[in-house]
Amino acid sequence: MDKVLGSAAQAVADISDGATLAVGGFGLCGIPSALIAAVGETGVSGLHVVSNNCGVDDWGLGLLLRAGRISRMTSSYVGENKEFARQYLAGELEVELTPQGTLAERLRAGGSGVPAFFTPAGVGTQIEEGGLPWRYAADGSVAVASPPKEVREFGGRSYLLEEAITADYALVRAAVADRHGNCVFHAAARNFNPLSAMAGRITLVEAEQIVEPGELDPDAVHLPGVYVDRVVAADASDRRIERRTVRPAARPAARPAVITAVITAAAEEN
C-alpha cells in the first residue's frame, strides 16, 4: 500500500482539538519539524503532547506551546524552554514529569499492547508517594497533583506500577522511508521516534528521502511499515543545532628559541 501523501498539511488535516500526540525527537535531534509546523497551521488547540521535551522557545514543539495550542505535556526534560517554565508556573500548562527510561518504556508498552508494567525507577520518591504538582492554580497553590502509584515486591525489591501510553497520533522524523512506511533513522535521531510511532493509533512520518519498496535492506529497517499510516517528504536541510559549542582556534605554536636565534642571525648577515 502506497502511504505517501502530497504534503504535511494533508497528513495532519484530521487532527482535532484535544488530540493526544506522541512526538519523536530528543532536544532538536530528530524532531518532526514539518509535521509540527503543519499542526500549528491548522489552528487546533487543547493538545495533549507526549514527548521527551518541548523543543526550544522558537523551534519544534516550542512553536505550538508559544501559540497556546498545548494544554498538557508528558515529558522527562523541559529545561531549554523558558516559555514552558512560565506557563507551568503560571498554571497555564499541565505537566507530568516522568523518568526518561520510564517514558520510553511506557511508549513501547503502549505500542506492544501491554497495559502496564512494574519498574524500580522512582521507588521511595515523590513519584511513588504522589503529590507532584501537575498543574498550579493562579495563586501558586497546587491545583492538580500526581496520584500515588501501586507498589509491589518482586524478589525482595519494590517496584512501581506504570501505565502504558497510547496516542491518537504519532509524529515522527525519519532519514529514509519507503512508500510502504518502512523507516530508517540516522544515528541519534532514532531516539524516541520508533517508540512514539509504535504508540500512535495513526502514525505520520516525515522522511528526508522517500524510496521505492524493496530499495531498503530489510535488516536495515528500524521501524516496520505496519506501524506507519502516512508518509510525507521533509526538507533534509530543515534541521537546527540546539547548542552550538566550538573550542577556541588553536594559536600557532611558538618557535623554539634556537630557531628564532638562527633566523635573526641570518637576517642580520643579509
# chains A, B, ... in the order shown; residues from 1 in each chain; ligands from 1
>>> residues_around(residues="Asn193 (chain A)", least_positions_apart="4", cutoff="7 Å", atoms="only C-alpha atoms", output="PyMOL selection string")
chain A and resi 24-25+172-173+197
>>> select_by_dssp(residues="region 105-235 of chain A", states="strand (DSSP E or B)", output="PyMOL selection string")
chain A and resi 116-119+133-136+142-145+151-154+157-163+167-178+183-184+200-211+223+230-233
>>> write_last_selection(atoms="C-alpha atoms", output="short mmCIF file (atom, residue, chain, number, x, y, z; two decimals), in the first residue's frame")
data_model
loop_
_atom_site.label_atom_id
_atom_site.label_comp_id
_atom_site.auth_asym_id
_atom_site.auth_seq_id
_atom_site.Cartn_x
_atom_site.Cartn_y
_atom_site.Cartn_z
CA ALA A 116 1.16 -1.51 32.37
CA PHE A 117 4.46 -2.71 33.84
CA PHE A 118 6.47 -2.57 37.05
CA THR A 119 9.74 -0.61 37.30
CA PRO A 133 2.48 19.37 41.01
CA TRP A 134 0.95 18.65 37.62
CA ARG A 135 -0.84 21.98 37.41
CA TYR A 136 -0.64 25.11 39.56
CA VAL A 142 -1.24 23.05 43.53
CA ALA A 143 -4.45 22.57 41.53
CA VAL A 144 -3.69 19.07 40.19
CA ALA A 145 -1.18 16.69 41.76
CA VAL A 151 3.89 -0.73 44.77
CA ARG A 152 4.63 -4.45 44.65
CA GLU A 153 7.59 -6.51 45.74
CA PHE A 154 9.38 -8.96 43.46
CA ARG A 157 12.75 -5.48 45.78
CA SER A 158 9.99 -2.86 45.43
CA TYR A 159 8.63 -1.79 42.05
CA LEU A 160 6.14 0.87 40.89
CA LEU A 161 3.26 0.21 38.50
CA GLU A 162 3.45 2.46 35.44
CA GLU A 163 0.68 2.62 32.85
CA ALA A 167 -1.75 8.45 21.49
CA ASP A 168 -4.30 9.45 18.89
CA TYR A 169 -1.48 10.41 16.53
CA ALA A 170 2.29 10.00 16.41
CA LEU A 171 4.56 12.48 14.62
CA VAL A 172 7.91 11.05 13.57
CA ARG A 173 11.00 12.09 11.58
CA ALA A 174 12.96 9.51 9.56
CA ALA A 175 16.05 9.76 7.39
CA VAL A 176 14.64 7.36 4.79
CA ALA A 177 11.23 5.77 4.29
CA ASP A 178 9.81 3.69 1.50
CA CYS A 183 11.71 3.63 8.08
CA VAL A 184 15.41 4.10 8.73
CA GLY A 200 0.29 6.20 17.88
CA ARG A 201 -3.06 4.90 16.67
CA ILE A 202 -2.35 6.87 13.48
CA THR A 203 1.34 7.43 12.76
CA LEU A 204 2.61 10.18 10.49
CA VAL A 205 6.20 10.09 9.22
CA GLU A 206 8.15 12.86 7.55
CA ALA A 207 11.14 11.46 5.69
CA GLU A 208 14.16 13.24 4.27
CA GLN A 209 14.29 10.66 1.47
CA ILE A 210 11.48 8.50 0.09
CA VAL A 211 12.42 5.39 -1.87
CA LEU A 223 10.60 0.82 12.12
CA ARG A 230 1.10 8.26 6.32
CA VAL A 231 4.42 9.41 4.85
CA VAL A 232 5.36 12.87 3.61
CA ALA A 233 8.56 14.34 2.23
#
>>> closest_residue(among="A:Ser51, A:Ser196, A:Ser16, A:Ser146", to="Ala109 (chain A)", atoms="only C-alpha atoms")
A:Ser196
>>> residues_around(residues="Gly122 (chain A)", least_positions_apart="4", cutoff="10 Å", atoms="only C-alpha atoms", output="short mmCIF file (atom, residue, chain, number, x, y, z; two decimals) with all heavy atoms, in the first residue's frame")
data_model
loop_
_atom_site.label_atom_id
_atom_site.label_comp_id
_atom_site.auth_asym_id
_atom_site.auth_seq_id
_atom_site.Cartn_x
_atom_site.Cartn_y
_atom_site.Cartn_z
N THR A 98 8.16 12.60 33.91
CA THR A 98 8.34 11.16 34.00
C THR A 98 9.80 10.81 33.79
O THR A 98 10.44 11.37 32.90
CB THR A 98 7.49 10.46 32.91
OG1 THR A 98 6.12 10.85 33.05
CG2 THR A 98 7.58 8.95 33.02
N PRO A 99 10.38 9.91 34.59
CA PRO A 99 11.76 9.49 34.34
C PRO A 99 11.93 9.07 32.88
O PRO A 99 11.05 8.42 32.31
CB PRO A 99 11.95 8.32 35.30
CG PRO A 99 11.00 8.59 36.42
CD PRO A 99 9.80 9.23 35.77
N THR A 102 11.48 5.47 31.96
CA THR A 102 10.08 5.08 32.17
C THR A 102 9.22 5.59 31.03
O THR A 102 8.33 4.88 30.54
CB THR A 102 9.57 5.64 33.51
OG1 THR A 102 10.39 5.13 34.57
CG2 THR A 102 8.13 5.25 33.75
N GLN A 126 8.86 10.95 45.54
CA GLN A 126 7.52 11.51 45.41
C GLN A 126 6.79 10.94 44.20
O GLN A 126 5.57 11.04 44.11
CB GLN A 126 7.59 13.04 45.33
CG GLN A 126 6.30 13.72 45.76
CD GLN A 126 6.45 15.21 45.90
OE1 GLN A 126 7.50 15.78 45.63
NE2 GLN A 126 5.39 15.88 46.31
N ILE A 127 7.53 10.34 43.29
CA ILE A 127 6.86 9.65 42.18
C ILE A 127 6.00 8.52 42.73
O ILE A 127 4.87 8.30 42.28
CB ILE A 127 7.90 9.11 41.17
CG1 ILE A 127 8.62 10.27 40.50
CG2 ILE A 127 7.22 8.22 40.12
CD1 ILE A 127 9.73 9.84 39.57
N GLU A 128 6.52 7.82 43.70
CA GLU A 128 5.76 6.75 44.36
C GLU A 128 4.66 7.32 45.25
O GLU A 128 3.51 6.87 45.20
CB GLU A 128 6.69 5.88 45.21
CG GLU A 128 5.96 4.86 46.08
CD GLU A 128 6.88 4.17 47.08
OE1 GLU A 128 8.09 4.04 46.80
OE2 GLU A 128 6.38 3.75 48.15
N GLU A 129 4.99 8.31 46.03
CA GLU A 129 4.07 8.82 47.05
C GLU A 129 2.95 9.68 46.47
O GLU A 129 1.89 9.81 47.08
CB GLU A 129 4.86 9.64 48.08
CG GLU A 129 5.93 8.83 48.80
CD GLU A 129 6.97 9.71 49.47
OE1 GLU A 129 6.84 10.96 49.34
OE2 GLU A 129 7.90 9.17 50.10
N LYS A 149 1.37 5.78 43.36
CA LYS A 149 1.45 4.63 42.47
C LYS A 149 1.43 3.34 43.26
O LYS A 149 1.92 3.27 44.39
CB LYS A 149 2.72 4.71 41.61
CG LYS A 149 2.72 5.89 40.65
CD LYS A 149 3.91 5.85 39.73
CE LYS A 149 3.93 7.03 38.78
NZ LYS A 149 2.81 7.02 37.82
N TYR A 159 8.81 -2.31 43.40
CA TYR A 159 8.63 -1.79 42.05
C TYR A 159 7.34 -0.98 41.98
O TYR A 159 6.37 -1.28 42.68
CB TYR A 159 8.56 -2.93 41.03
CG TYR A 159 9.84 -3.72 40.90
CD1 TYR A 159 10.16 -4.72 41.81
CD2 TYR A 159 10.73 -3.47 39.85
CE1 TYR A 159 11.34 -5.44 41.69
CE2 TYR A 159 11.90 -4.20 39.72
CZ TYR A 159 12.20 -5.19 40.64
OH TYR A 159 13.36 -5.90 40.52
N LEU A 160 7.33 0.04 41.10
CA LEU A 160 6.14 0.87 40.89
C LEU A 160 5.40 0.43 39.63
O LEU A 160 6.01 0.06 38.63
CB LEU A 160 6.53 2.34 40.72
CG LEU A 160 7.32 3.02 41.83
CD1 LEU A 160 7.52 4.49 41.49
CD2 LEU A 160 6.64 2.85 43.17
#
>>> select_by_dssp(residues="region 1-221 of chain A", states="alpha helix (DSSP H)", output="MDAnalysis selection string")
chainID A and resid 8:11 33:42 61:66 82:89 100:112 126:129 193:199
>>> write_last_selection(atoms="N, CA and C atoms", output="compact mmCIF listing (two decimals), in the first residue's frame")
# COMPACT_ATOMS: atom_id res chain seq x y z
N ALA A 8 2.58 17.79 4.23
CA ALA A 8 2.39 17.64 5.67
C ALA A 8 1.02 18.14 6.08
N ALA A 9 0.53 19.19 5.43
CA ALA A 9 -0.79 19.73 5.74
C ALA A 9 -1.88 18.68 5.51
N GLN A 10 -1.74 17.92 4.44
CA GLN A 10 -2.70 16.86 4.14
C GLN A 10 -2.63 15.76 5.19
N ALA A 11 -1.43 15.47 5.68
CA ALA A 11 -1.25 14.39 6.65
C ALA A 11 -1.89 14.70 7.99
N SER A 33 9.80 18.43 12.43
CA SER A 33 9.52 19.87 12.37
C SER A 33 8.46 20.24 11.33
N ALA A 34 8.45 19.55 10.20
CA ALA A 34 7.46 19.86 9.16
C ALA A 34 6.05 19.51 9.63
N LEU A 35 5.89 18.37 10.27
CA LEU A 35 4.57 17.99 10.77
C LEU A 35 4.12 18.89 11.91
N ILE A 36 5.06 19.25 12.79
CA ILE A 36 4.72 20.17 13.89
C ILE A 36 4.24 21.50 13.34
N ALA A 37 4.96 22.04 12.35
CA ALA A 37 4.55 23.30 11.74
C ALA A 37 3.18 23.19 11.09
N ALA A 38 2.92 22.05 10.45
CA ALA A 38 1.62 21.84 9.81
C ALA A 38 0.50 21.79 10.83
N VAL A 39 0.75 21.15 11.97
CA VAL A 39 -0.25 21.13 13.05
C VAL A 39 -0.53 22.56 13.51
N GLY A 40 0.52 23.37 13.63
CA GLY A 40 0.33 24.75 14.02
C GLY A 40 -0.54 25.52 13.04
N GLU A 41 -0.41 25.22 11.76
CA GLU A 41 -1.20 25.91 10.73
C GLU A 41 -2.68 25.56 10.81
N THR A 42 -3.02 24.40 11.36
CA THR A 42 -4.44 24.00 11.42
C THR A 42 -5.22 24.80 12.45
N LEU A 61 8.29 21.84 19.07
CA LEU A 61 7.06 21.94 19.85
C LEU A 61 6.94 23.27 20.57
N GLY A 62 8.07 23.96 20.75
CA GLY A 62 8.02 25.28 21.37
C GLY A 62 7.14 26.25 20.60
N LEU A 63 6.99 26.06 19.28
CA LEU A 63 6.12 26.92 18.49
C LEU A 63 4.66 26.70 18.85
N LEU A 64 4.26 25.43 19.04
CA LEU A 64 2.88 25.15 19.44
C LEU A 64 2.63 25.65 20.86
N LEU A 65 3.62 25.50 21.72
CA LEU A 65 3.48 25.95 23.10
C LEU A 65 3.31 27.46 23.15
N ARG A 66 4.15 28.17 22.44
CA ARG A 66 4.08 29.64 22.44
C ARG A 66 2.75 30.15 21.91
N LYS A 82 12.09 28.48 28.13
CA LYS A 82 11.67 29.44 29.15
C LYS A 82 10.15 29.63 29.16
N GLU A 83 9.54 29.59 27.98
CA GLU A 83 8.09 29.76 27.92
C GLU A 83 7.39 28.57 28.57
N PHE A 84 7.98 27.40 28.44
CA PHE A 84 7.43 26.22 29.11
C PHE A 84 7.38 26.45 30.62
N ALA A 85 8.50 26.90 31.18
CA ALA A 85 8.56 27.15 32.62
C ALA A 85 7.56 28.21 33.03
N ARG A 86 7.43 29.27 32.23
CA ARG A 86 6.49 30.34 32.57
C ARG A 86 5.05 29.84 32.61
N GLN A 87 4.65 29.10 31.56
CA GLN A 87 3.28 28.60 31.51
C GLN A 87 2.98 27.62 32.64
N TYR A 88 3.95 26.77 32.94
CA TYR A 88 3.77 25.78 34.01
C TYR A 88 3.59 26.47 35.36
N LEU A 89 4.47 27.40 35.68
CA LEU A 89 4.40 28.07 36.97
C LEU A 89 3.20 29.00 37.08
N GLN A 100 13.06 9.43 32.29
CA GLN A 100 13.23 9.24 30.85
C GLN A 100 13.09 7.78 30.41
N GLY A 101 13.71 6.87 31.13
CA GLY A 101 13.59 5.47 30.77
C GLY A 101 12.17 4.96 30.93
N THR A 102 11.48 5.47 31.96
CA THR A 102 10.08 5.08 32.17
C THR A 102 9.22 5.59 31.03
N LEU A 103 9.47 6.83 30.58
CA LEU A 103 8.71 7.38 29.47
C LEU A 103 8.90 6.53 28.21
N ALA A 104 10.15 6.16 27.94
CA ALA A 104 10.42 5.33 26.77
C ALA A 104 9.69 3.99 26.86
N GLU A 105 9.70 3.38 28.02
CA GLU A 105 9.05 2.08 28.19
C GLU A 105 7.54 2.20 28.15
N ARG A 106 6.99 3.30 28.64
CA ARG A 106 5.54 3.50 28.58
C ARG A 106 5.07 3.59 27.12
N LEU A 107 5.85 4.25 26.29
CA LEU A 107 5.51 4.33 24.87
C LEU A 107 5.66 2.97 24.20
N ARG A 108 6.76 2.27 24.50
CA ARG A 108 6.98 0.95 23.90
C ARG A 108 5.89 -0.02 24.32
N ALA A 109 5.50 0.03 25.60
CA ALA A 109 4.44 -0.85 26.08
C ALA A 109 3.12 -0.55 25.39
N GLY A 110 2.82 0.74 25.23
CA GLY A 110 1.58 1.10 24.55
C GLY A 110 1.52 0.57 23.13
N GLY A 111 2.67 0.64 22.43
CA GLY A 111 2.72 0.14 21.06
C GLY A 111 2.70 -1.37 20.97
N SER A 112 3.03 -2.04 22.08
CA SER A 112 3.08 -3.51 22.10
C SER A 112 1.82 -4.13 22.68
N GLN A 126 8.86 10.95 45.54
CA GLN A 126 7.52 11.51 45.41
C GLN A 126 6.79 10.94 44.20
N ILE A 127 7.53 10.34 43.29
CA ILE A 127 6.86 9.65 42.18
C ILE A 127 6.00 8.52 42.73
N GLU A 128 6.52 7.82 43.70
CA GLU A 128 5.76 6.75 44.36
C GLU A 128 4.66 7.32 45.25
N GLU A 129 4.99 8.31 46.03
CA GLU A 129 4.07 8.82 47.05
C GLU A 129 2.95 9.68 46.47
N ASN A 193 11.84 8.27 18.30
CA ASN A 193 10.99 8.18 17.12
C ASN A 193 10.31 6.82 16.94
N PRO A 194 11.03 5.69 16.98
CA PRO A 194 10.33 4.41 16.82
C PRO A 194 9.31 4.15 17.93
N LEU A 195 9.64 4.55 19.16
CA LEU A 195 8.73 4.32 20.29
C LEU A 195 7.45 5.14 20.13
N SER A 196 7.60 6.40 19.73
CA SER A 196 6.42 7.24 19.50
C SER A 196 5.57 6.68 18.38
N ALA A 197 6.23 6.22 17.31
CA ALA A 197 5.50 5.66 16.18
C ALA A 197 4.67 4.45 16.61
N MET A 198 5.24 3.61 17.46
CA MET A 198 4.54 2.42 17.93
C MET A 198 3.30 2.79 18.75
N ALA A 199 3.40 3.89 19.52
CA ALA A 199 2.32 4.25 20.45
C ALA A 199 1.17 4.97 19.77
>>> atom_distance(atom1="CA of Ser237 (chain A)", atom2="CA of Gly30 (chain A)")
12.2 Å
>>> closest_residue(among="A:Ala13, A:Ala250, A:Cys54, A:Val44", to="Asn81 (chain A)", atoms="only C-alpha atoms")
A:Cys54
>>> closest_residue(among="A:Val49, A:Ala90, A:Ile15, A:Leu97", to="Ser141 (chain A)", atoms="only C-alpha atoms")
A:Ala90
>>> closest_residue(among="A:Glu150, A:His48, A:Gly113, A:Gly79", to="Gly130 (chain A)", atoms="only C-alpha atoms")
A:Glu150
>>> residues_around(residues="Phe26 (chain A)", least_positions_apart="2", cutoff="8 Å", atoms="only C-alpha atoms", output="list in words")
Gly24, Leu28, Cys29, Gly30, Ile31, Asn52, Asn53, Ala189, Asn191 and Phe192 of chain A
>>> atom_distance(atom1="CA of Asp14 (chain A)", atom2="CA of Ile70 (chain A)")
16.9 Å
>>> atom_distance(atom1="CA of Val123 (chain A)", atom2="CA of Thr74 (chain A)")
19.3 Å
